[in-house]
$ cat model.cif   # mmCIF, C-alpha atoms and all ligand atoms; chains and numbers go by the auth columns
data_target
loop_
_atom_site.group_PDB
_atom_site.id
_atom_site.type_symbol
_atom_site.label_atom_id
_atom_site.label_comp_id
_atom_site.label_asym_id
_atom_site.label_seq_id
_atom_site.Cartn_x
_atom_site.Cartn_y
_atom_site.Cartn_z
_atom_site.B_iso_or_equiv
_atom_site.auth_seq_id
_atom_site.auth_asym_id
ATOM 1 C CA MET A 1 13.841 7.401 -15.830 0.00 1 A
ATOM 2 C CA PRO A 2 11.915 4.644 -14.063 0.00 2 A
ATOM 3 C CA ALA A 3 8.109 4.723 -14.153 0.00 3 A
ATOM 4 C CA PRO A 4 6.366 6.403 -11.203 0.00 4 A
ATOM 5 C CA TYR A 5 6.027 4.036 -8.234 0.00 5 A
ATOM 6 C CA GLU A 6 2.275 3.559 -8.681 0.00 6 A
ATOM 7 C CA ARG A 7 2.803 2.331 -12.268 0.00 7 A
ATOM 8 C CA ARG A 8 5.860 0.153 -11.627 0.00 8 A
ATOM 9 C CA TYR A 9 4.043 -3.146 -11.012 0.00 9 A
ATOM 10 C CA ARG A 10 1.386 -3.888 -13.602 0.00 10 A
ATOM 11 C CA HIS A 11 0.896 -7.590 -13.002 0.00 11 A
ATOM 12 C CA ILE A 12 0.283 -7.990 -9.295 0.00 12 A
ATOM 13 C CA ASP A 13 -1.497 -11.251 -8.428 0.00 13 A
ATOM 14 C CA ARG A 14 -5.236 -10.694 -8.892 0.00 14 A
ATOM 15 C CA ARG A 15 -6.016 -12.415 -5.590 0.00 15 A
ATOM 16 C CA ALA A 16 -3.778 -9.944 -3.742 0.00 16 A
ATOM 17 C CA ILE A 17 -5.561 -7.051 -5.483 0.00 17 A
ATOM 18 C CA HIS A 18 -8.976 -8.521 -4.648 0.00 18 A
ATOM 19 C CA THR A 19 -8.040 -9.034 -0.985 0.00 19 A
ATOM 20 C CA THR A 20 -6.807 -5.445 -0.829 0.00 20 A
ATOM 21 C CA ARG A 21 -10.063 -4.208 -2.379 0.00 21 A
ATOM 22 C CA LEU A 22 -11.980 -6.046 0.352 0.00 22 A
ATOM 23 C CA LEU A 23 -9.689 -4.509 2.984 0.00 23 A
ATOM 24 C CA VAL A 24 -10.376 -0.975 1.687 0.00 24 A
ATOM 25 C CA ARG A 25 -14.124 -1.701 1.713 0.00 25 A
ATOM 26 C CA THR A 26 -14.036 -2.471 5.442 0.00 26 A
ATOM 27 C CA ARG A 27 -12.822 1.154 5.917 0.00 27 A
ATOM 28 C CA PRO A 28 -10.446 0.070 8.674 0.00 28 A
ATOM 29 C CA TRP A 29 -8.835 3.451 9.341 0.00 29 A
ATOM 30 C CA GLY A 30 -7.677 3.931 12.899 0.00 30 A
ATOM 31 C CA ARG A 31 -6.179 1.970 15.723 0.00 31 A
ATOM 32 C CA ASP A 32 -9.157 0.005 17.004 0.00 32 A
ATOM 33 C CA ALA A 33 -9.627 -3.744 17.247 0.00 33 A
ATOM 34 C CA ALA A 34 -11.591 -3.884 13.979 0.00 34 A
ATOM 35 C CA ALA A 35 -8.752 -2.220 12.066 0.00 35 A
ATOM 36 C CA LEU A 36 -6.258 -4.647 13.553 0.00 36 A
ATOM 37 C CA ALA A 37 -8.440 -7.650 12.724 0.00 37 A
ATOM 38 C CA SER A 38 -8.840 -6.443 9.113 0.00 38 A
ATOM 39 C CA ALA A 39 -5.078 -5.887 8.790 0.00 39 A
ATOM 40 C CA ARG A 40 -4.313 -9.368 10.152 0.00 40 A
ATOM 41 C CA THR A 41 -6.857 -11.047 7.876 0.00 41 A
ATOM 42 C CA TRP A 42 -5.368 -9.210 4.892 0.00 42 A
ATOM 43 C CA ALA A 43 -1.797 -10.194 5.843 0.00 43 A
ATOM 44 C CA SER A 44 -2.666 -13.869 6.260 0.00 44 A
ATOM 45 C CA ARG A 45 -4.539 -14.024 2.929 0.00 45 A
ATOM 46 C CA VAL A 46 -1.805 -12.245 0.982 0.00 46 A
ATOM 47 C CA ALA A 47 0.882 -14.397 2.638 0.00 47 A
ATOM 48 C CA GLU A 48 -1.061 -17.432 1.440 0.00 48 A
ATOM 49 C CA VAL A 49 -1.212 -16.021 -2.118 0.00 49 A
ATOM 50 C CA TYR A 50 2.599 -15.667 -2.148 0.00 50 A
ATOM 51 C CA GLY A 51 3.263 -18.905 -0.271 0.00 51 A
ATOM 52 C CA ILE A 52 5.153 -17.277 2.598 0.00 52 A
ATOM 53 C CA GLU A 53 4.811 -17.271 6.384 0.00 53 A
ATOM 54 C CA VAL A 54 2.116 -15.092 7.892 0.00 54 A
ATOM 55 C CA PRO A 55 3.724 -12.062 9.550 0.00 55 A
ATOM 56 C CA THR A 56 2.571 -10.761 12.922 0.00 56 A
ATOM 57 C CA VAL A 57 0.819 -7.382 12.633 0.00 57 A
ATOM 58 C CA ILE A 58 0.803 -4.880 15.495 0.00 58 A
ATOM 59 C CA ILE A 59 -0.900 -1.465 15.400 0.00 59 A
ATOM 60 C CA ASP A 60 0.243 0.449 18.453 0.00 60 A
ATOM 61 C CA ARG A 61 1.883 3.847 18.680 0.00 61 A
ATOM 62 C CA ARG A 62 3.226 3.007 22.145 0.00 62 A
ATOM 63 C CA HIS A 63 4.906 -0.206 21.030 0.00 63 A
ATOM 64 C CA PRO A 64 8.693 0.025 21.698 0.00 64 A
ATOM 65 C CA ASP A 65 9.514 -0.888 18.072 0.00 65 A
ATOM 66 C CA PHE A 66 7.223 1.852 16.797 0.00 66 A
ATOM 67 C CA ARG A 67 8.830 4.361 19.155 0.00 67 A
ATOM 68 C CA LEU A 68 12.280 3.371 17.916 0.00 68 A
ATOM 69 C CA PHE A 69 11.671 2.786 14.214 0.00 69 A
ATOM 70 C CA GLY A 70 8.248 4.158 13.276 0.00 70 A
ATOM 71 C CA ASP A 71 6.226 2.057 10.819 0.00 71 A
ATOM 72 C CA SER A 72 8.542 -0.875 10.246 0.00 72 A
ATOM 73 C CA TYR A 73 9.114 -4.544 9.634 0.00 73 A
ATOM 74 C CA ARG A 74 11.276 -6.499 12.082 0.00 74 A
ATOM 75 C CA PRO A 75 12.779 -9.538 10.302 0.00 75 A
ATOM 76 C CA MET A 76 13.928 -11.111 13.591 0.00 76 A
ATOM 77 C CA ASN A 77 10.381 -11.877 14.697 0.00 77 A
ATOM 78 C CA ARG A 78 8.627 -11.358 11.353 0.00 78 A
ATOM 79 C CA THR A 79 6.569 -8.519 12.747 0.00 79 A
ATOM 80 C CA ILE A 80 4.974 -5.526 11.034 0.00 80 A
ATOM 81 C CA VAL A 81 4.541 -2.600 13.438 0.00 81 A
ATOM 82 C CA LEU A 82 2.361 0.376 12.451 0.00 82 A
ATOM 83 C CA GLY A 83 1.471 3.411 14.535 0.00 83 A
ATOM 84 C CA THR A 84 -1.894 3.749 12.867 0.00 84 A
ATOM 85 C CA PHE A 85 -3.651 1.777 10.150 0.00 85 A
ATOM 86 C CA SER A 86 -2.905 2.651 6.543 0.00 86 A
ATOM 87 C CA VAL A 87 -3.381 0.384 3.523 0.00 87 A
ATOM 88 C CA VAL A 88 -0.207 1.673 1.859 0.00 88 A
ATOM 89 C CA SER A 89 1.900 1.386 5.040 0.00 89 A
ATOM 90 C CA LEU A 90 0.614 -2.125 5.711 0.00 90 A
ATOM 91 C CA ALA A 91 1.359 -3.198 2.127 0.00 91 A
ATOM 92 C CA HIS A 92 4.782 -1.487 2.238 0.00 92 A
ATOM 93 C CA GLU A 93 5.880 -3.304 5.394 0.00 93 A
ATOM 94 C CA PHE A 94 4.351 -6.549 4.135 0.00 94 A
ATOM 95 C CA ARG A 95 6.546 -6.222 1.025 0.00 95 A
ATOM 96 C CA HIS A 96 9.628 -6.005 3.272 0.00 96 A
ATOM 97 C CA HIS A 97 8.441 -9.258 4.878 0.00 97 A
ATOM 98 C CA TRP A 98 8.085 -10.797 1.393 0.00 98 A
ATOM 99 C CA GLN A 99 11.595 -9.584 0.496 0.00 99 A
ATOM 100 C CA GLN A 100 13.022 -11.280 3.580 0.00 100 A
ATOM 101 C CA GLN A 101 11.111 -14.477 2.910 0.00 101 A
ATOM 102 C CA THR A 102 12.061 -14.702 -0.769 0.00 102 A
ATOM 103 C CA GLY A 103 15.495 -13.045 -0.717 0.00 103 A
ATOM 104 C CA ALA A 104 14.424 -10.633 -3.474 0.00 104 A
ATOM 105 C CA HIS A 105 15.478 -6.964 -3.606 0.00 105 A
ATOM 106 C CA LEU A 106 17.808 -7.299 -0.653 0.00 106 A
ATOM 107 C CA THR A 107 21.034 -6.231 -2.387 0.00 107 A
ATOM 108 C CA THR A 108 20.876 -2.675 -1.064 0.00 108 A
ATOM 109 C CA ARG A 109 18.648 -0.834 1.341 0.00 109 A
ATOM 110 C CA ALA A 110 17.727 1.598 -1.448 0.00 110 A
ATOM 111 C CA ASP A 111 16.627 -1.267 -3.706 0.00 111 A
ATOM 112 C CA ALA A 112 14.498 -2.819 -0.940 0.00 112 A
ATOM 113 C CA GLU A 113 12.909 0.546 -0.178 0.00 113 A
ATOM 114 C CA ASP A 114 12.266 1.347 -3.840 0.00 114 A
ATOM 115 C CA ASP A 115 10.634 -2.038 -4.398 0.00 115 A
ATOM 116 C CA ALA A 116 8.438 -1.724 -1.283 0.00 116 A
ATOM 117 C CA ARG A 117 7.223 1.723 -2.369 0.00 117 A
ATOM 118 C CA ALA A 118 6.519 0.558 -5.915 0.00 118 A
ATOM 119 C CA TRP A 119 4.660 -2.598 -4.879 0.00 119 A
ATOM 120 C CA SER A 120 2.519 -0.982 -2.170 0.00 120 A
ATOM 121 C CA LEU A 121 1.538 2.016 -4.310 0.00 121 A
ATOM 122 C CA SER A 122 0.873 -0.087 -7.425 0.00 122 A
ATOM 123 C CA LEU A 123 -1.249 -2.468 -5.334 0.00 123 A
ATOM 124 C CA PHE A 124 -3.276 0.310 -3.702 0.00 124 A
ATOM 125 C CA ARG A 125 -3.878 1.964 -7.070 0.00 125 A
ATOM 126 C CA ALA A 126 -4.997 -1.332 -8.643 0.00 126 A
ATOM 127 C CA ALA A 127 -7.303 -2.157 -5.713 0.00 127 A
ATOM 128 C CA ALA A 128 -8.914 1.269 -5.252 0.00 128 A
ATOM 129 C CA PRO A 129 -8.232 3.408 -8.370 0.00 129 A
ATOM 130 C CA ARG A 130 -10.710 6.201 -7.604 0.00 130 A
ATOM 131 C CA ARG A 131 -9.656 6.493 -3.987 0.00 131 A
ATOM 132 C CA PHE A 132 -6.016 6.454 -5.091 0.00 132 A
ATOM 133 C CA ALA A 133 -6.606 9.201 -7.681 0.00 133 A
ATOM 134 C CA ARG A 134 -8.468 11.383 -5.167 0.00 134 A
ATOM 135 C CA MET A 135 -5.853 10.981 -2.433 0.00 135 A
ATOM 136 C CA ALA A 136 -2.961 11.419 -4.877 0.00 136 A
ATOM 137 C CA ALA A 137 -4.424 14.647 -6.281 0.00 137 A
ATOM 138 C CA ALA A 138 -4.903 15.911 -2.720 0.00 138 A
ATOM 139 C CA GLY A 139 -1.223 15.275 -2.001 0.00 139 A
ATOM 140 C CA ARG A 140 -2.065 12.652 0.610 0.00 140 A
ATOM 141 C CA ILE A 141 0.145 9.859 -0.717 0.00 141 A
ATOM 142 C CA HIS A 142 3.896 9.985 -0.149 0.00 142 A
ATOM 143 C CA PHE A 143 6.187 9.479 -3.150 0.00 143 A
ATOM 144 C CA VAL A 144 3.419 10.152 -5.663 0.00 144 A
ATOM 145 C CA ASP A 145 3.431 13.250 -7.880 0.00 145 A
ATOM 146 C CA ALA A 146 0.339 15.169 -6.726 0.00 146 A
ATOM 147 C CA GLY A 147 0.666 17.633 -9.631 0.00 147 A
ATOM 148 C CA GLU A 148 0.368 14.876 -12.201 0.00 148 A
ATOM 149 C CA TRP A 149 -2.753 13.460 -10.533 0.00 149 A
ATOM 150 C CA ARG A 150 -4.271 16.947 -10.308 0.00 150 A
ATOM 151 C CA ARG A 151 -3.698 17.431 -14.033 0.00 151 A
ATOM 152 C CA ARG A 152 -5.279 14.046 -14.727 0.00 152 A
ATOM 153 C CA ALA A 153 -8.323 14.983 -12.609 0.00 153 A
ATOM 154 C CA GLY A 154 -8.538 18.290 -14.499 0.00 154 A
ATOM 155 C CA ARG A 155 -8.521 16.512 -17.858 0.00 155 A
ATOM 156 C CA ALA A 156 -11.227 14.072 -16.684 0.00 156 A
ATOM 157 C CA ILE A 157 -13.452 16.974 -15.602 0.00 157 A
ATOM 158 C CA ALA A 158 -12.832 18.858 -18.860 0.00 158 A
ATOM 159 C CA LEU A 159 -13.714 15.726 -20.837 0.00 159 A
ATOM 160 C CA ALA A 160 -16.927 15.204 -18.851 0.00 160 A
ATOM 161 C CA HIS A 161 -17.943 18.821 -19.535 0.00 161 A
ATOM 162 C CA ALA A 162 -17.140 18.460 -23.232 0.00 162 A
ATOM 163 C CA LEU A 163 -19.243 15.292 -23.465 0.00 163 A
ATOM 164 C CA GLU A 164 -22.156 16.976 -21.677 0.00 164 A
ATOM 165 C CA GLY A 165 -21.847 20.072 -23.896 0.00 165 A
ATOM 166 C CA GLY A 166 -21.929 17.896 -27.031 0.00 166 A
ATOM 167 C CA ARG A 167 -25.292 16.379 -26.193 0.00 167 A
HETATM 168 ZN ZN ZN B . 10.423 0.531 3.765 0.00 1 B
#
$ encode --input "model.cif" --output "structure tokens"
Amino acid sequence: MPAPYERRYRHIDRRAIHTTRLLVRTRPWGRDAAALASARTWASRVAEVYGIEVPTVIIDRRHPDFRLFGDSYRPMNRTIVLGTFSVVSLAHEFRHHWQQQTGAHLTTRADAEDDARAWSLSLFRAAAPRRFARMAAAGRIHFVDAGEWRRRAGRAIALAHALEGGR
């Protein structure tokens, strides 16, 4: 059985992780101009890290591509379209852009999708481990086993209590 998505990529470029950490720190949730600016800055920096073209990023629920396809990457015009800002969604669609630019993981749609899930979730976890753990345990991250992260949180709490009790 393959490793869970969030543990699939263990050696993501440190600069990409750092840039993602900075993105999370700007707390860019939403659809406003600040969120869009943060998303575009992130995309251009990470594109530079991987030596690929900078994709266009659009955050607009009324955009025709969003209405047709939802969160998506359009290879024809190298455009990422999101309905609302999300670090994982941005990273996921960016990975599809990277796949198109490098020709990697394009054999089947399932392979491309699997790779995009694994890269975006591994990246988010590496960049913001506590936030990831909290959201995962709360069942707020697709394709991540919430039960496992709840058990992990339970063990961490039990350990903290044991350490306090031993003092
Ligand atoms: Zn996808």
$ resolve_selection --input "model.cif" --expression "the PyMOL selection byres (((not hetatm)) within 8 of (chain B and resi 1))" --output "number ranges by chain"
A: 72-73, 92-93, 96, 112-114, 116-117
$ resolve_selection --input "model.cif" --expression "the PyMOL selection byres (((chain A and resi 87-89) around 10) and not hetatm)" --output "MDAnalysis selection string"
chainID A and resid 20 23:24 27:29 39 42 71:72 80:86 90:95 116:117 119:125 141:142
$ closest_residue --input "model.cif" --among "A:Thr108, A:Phe69, A:Val57, A:His11" --to "Ala33 (chain A)" --atoms "all atoms listed in the file"
A:Val57
$ atom_distance --input "model.cif" --atom1 "CA of Gly70 (chain A)" --atom2 "CA of Ile58 (chain A)"
11.9 Å
$ atom_distance --input "model.cif" --atom1 "CA of Arg78 (chain A)" --atom2 "CA of Val54 (chain A)"
8.3 Å
$ atom_distance --input "model.cif" --atom1 "CA of Arg10 (chain A)" --atom2 "CA of Gly139 (chain A)"
22.6 Å
$ axis_aligned_box --input "model.cif" --around "region 66-76 of chain A" --padding-each-side "5 Å" --output "lines of an AutoDock Vina configuration file"
center_x = 10.1
center_y = -3.4
center_z = 14.4
size_x = 17.7
size_y = 25.5
size_z = 19.5
$ closest_residue --input "model.cif" --among "A:Arg61, A:Arg15, A:Arg45, A:Arg7" --to "Gly30 (chain A)" --atoms "all atoms listed in the file"
A:Arg61
$ residues_near_point --input "model.cif" --point "(-7.1, 7.2, -14.1)" --cutoff "9 Å" --atoms "only C-alpha atoms" --output "number ranges by chain"
A: 129-130, 133, 149, 152-153, 156
$ resolve_selection --input "model.cif" --expression "the PyMOL selection byres (((chain A and resi 3) around 12) and not hetatm)" --output "JSON, numbers by chain"
{"A": [1, 2, 4, 5, 6, 7, 8, 9, 10, 114, 118, 122, 144, 145]}
$ closest_residue --input "model.cif" --among "A:Leu22, A:Asp32, A:Ala47, A:Asn77" --to "Ile59 (chain A)" --atoms "all atoms listed in the file"
A:Asp32
